[in-house]
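Asker: The structure is given below, and queries will be raised subsequently.
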Amino acid sequence: MAQDPKILVLATLSGGYAGADSVGQGHFDYAPNVYVLPVVCPAMFAEDFYLRTFQKGIDAILVMYSGTDCPYKGGAERTAEIINHVYPMMKEQGLDPRRLRLTAICTVCVRPFLNEINQMNDLLRDIGPVHAELASVGNP
């Protein structure tokens, strides 16, 4: 890839963001192409948010949430439901569904946080930039 891929992390305050903070407190490094967006609950993002994000040039999205430890009733279930609806929509648009991953990250999950970032970067090296997939099916 000519340019580093862009990875957006939707990190819940009760899980993924706290895990990212633990990475920082431990002075661990991760790739500079990662953009961490703290969110209350990823269930607040509709299916089309993910598709529009890819169309705007984000190569991968990691949804790092607290799983069943979500402090919002039904938040974990609704998040999983939304993500599961996005996968077939991605396929219809010619996008590799592996570009979107839902993962449970706890407040002290330093290694799992880093592993998710590294695995996604490895995948993106293999499958290439999102704009190539979008262009192959005639999307903007």
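Chains: A, B, ... in order of the structure tokens. Residues: from 1 per chain. Ligands: from 1, in order shown.
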Enumerate, as an MDAnalysis selection string, the complete set of residues in chain A that a backbone-based DSSP assignment places in alpha helix (DSSP H).

Answerer: chainID A and resid 16:25 47:55 75:92 110:127 130:136

Asker: Can those selected residues be exported to a file as a short mmCIF file (atom, residue, chain, number, x, y, z; two decimals), in the first residue's frame so that it contains C-alpha atoms?

Answerer:
data_model
loop_
_atom_site.label_atom_id
_atom_site.label_comp_id
_atom_site.auth_asym_id
_atom_site.auth_seq_id
_atom_site.Cartn_x
_atom_site.Cartn_y
_atom_site.Cartn_z
CA GLY A 16 -12.48 -0.38 24.58
CA TYR A 17 -11.56 3.18 25.51
CA ALA A 18 -10.46 2.13 28.97
CA GLY A 19 -8.41 -0.63 27.32
CA ALA A 20 -6.80 1.95 25.00
CA ASP A 21 -6.06 4.11 28.01
CA SER A 22 -4.36 1.15 29.71
CA VAL A 23 -2.19 0.76 26.61
CA GLY A 24 -1.14 4.38 26.93
CA GLN A 25 -0.53 4.17 30.65
CA GLU A 47 -25.95 0.43 9.80
CA ASP A 48 -25.43 3.15 7.20
CA PHE A 49 -22.83 4.85 9.41
CA TYR A 50 -20.42 1.99 8.74
CA LEU A 51 -20.99 2.00 4.99
CA ARG A 52 -20.55 5.77 4.77
CA THR A 53 -17.38 5.54 6.85
CA PHE A 54 -15.87 3.08 4.38
CA GLN A 55 -16.96 5.26 1.47
CA GLY A 75 -26.63 -2.30 24.40
CA ALA A 76 -24.44 -5.32 23.72
CA GLU A 77 -27.21 -7.25 21.99
CA ARG A 78 -28.25 -4.27 19.87
CA THR A 79 -24.65 -3.58 18.87
CA ALA A 80 -24.17 -7.19 17.74
CA GLU A 81 -27.47 -7.06 15.84
CA ILE A 82 -26.45 -3.89 13.99
CA ILE A 83 -23.03 -5.26 13.06
CA ASN A 84 -24.58 -8.52 11.85
CA HIS A 85 -26.89 -6.51 9.57
CA VAL A 86 -23.95 -4.54 8.17
CA TYR A 87 -21.99 -7.59 6.93
CA PRO A 88 -24.39 -8.52 4.08
CA MET A 89 -24.70 -4.84 3.17
CA MET A 90 -20.92 -4.67 2.86
CA LYS A 91 -20.90 -7.72 0.59
CA GLU A 92 -23.53 -6.10 -1.63
CA VAL A 110 -3.74 -4.27 26.93
CA ARG A 111 -2.62 -7.31 24.94
CA PRO A 112 -6.04 -8.01 23.35
CA PHE A 113 -6.30 -4.33 22.33
CA LEU A 114 -2.85 -4.43 20.71
CA ASN A 115 -3.57 -7.81 19.09
CA GLU A 116 -6.75 -6.49 17.46
CA ILE A 117 -4.88 -3.50 16.03
CA ASN A 118 -2.02 -5.66 14.74
CA GLN A 119 -4.34 -8.28 13.25
CA MET A 120 -6.34 -5.64 11.42
CA ASN A 121 -3.20 -4.02 10.02
CA ASP A 122 -2.01 -7.46 8.84
CA LEU A 123 -5.37 -8.07 7.16
CA LEU A 124 -5.31 -4.67 5.46
CA ARG A 125 -1.84 -5.38 4.07
CA ASP A 126 -3.32 -8.49 2.45
CA ILE A 127 -6.61 -7.12 1.12
CA VAL A 130 -10.98 0.17 0.74
CA HIS A 131 -11.12 2.52 -2.24
CA ALA A 132 -9.90 -0.31 -4.50
CA GLU A 133 -12.85 -2.49 -3.48
CA LEU A 134 -15.31 0.37 -3.88
CA ALA A 135 -13.92 1.25 -7.31
CA SER A 136 -14.14 -2.36 -8.49
#

Asker: Within 8 Å of segment 1-13 of chain A, counting only C-alpha atoms, which residues show up once you throw out same-chain ones fewer than 3 positions away? Write them as number ranges by chain, please.

Answerer: A: 16-18, 33-42, 57-66, 121, 124-125, 128-129

Asker: Report as a list in words: the residues of segment 10-134 of chain A with a DSSP assignment of strand (DSSP E), based on the backbone of this structure.

Answerer: Leu10, Ala11, Thr12, Val34, Tyr35, Val36, Leu37, Pro38, Val39, Ala60, Ile61, Leu62, Val63, Met64, Tyr65, Leu100, Arg101, Leu102, Thr103 and Ala104 of chain A
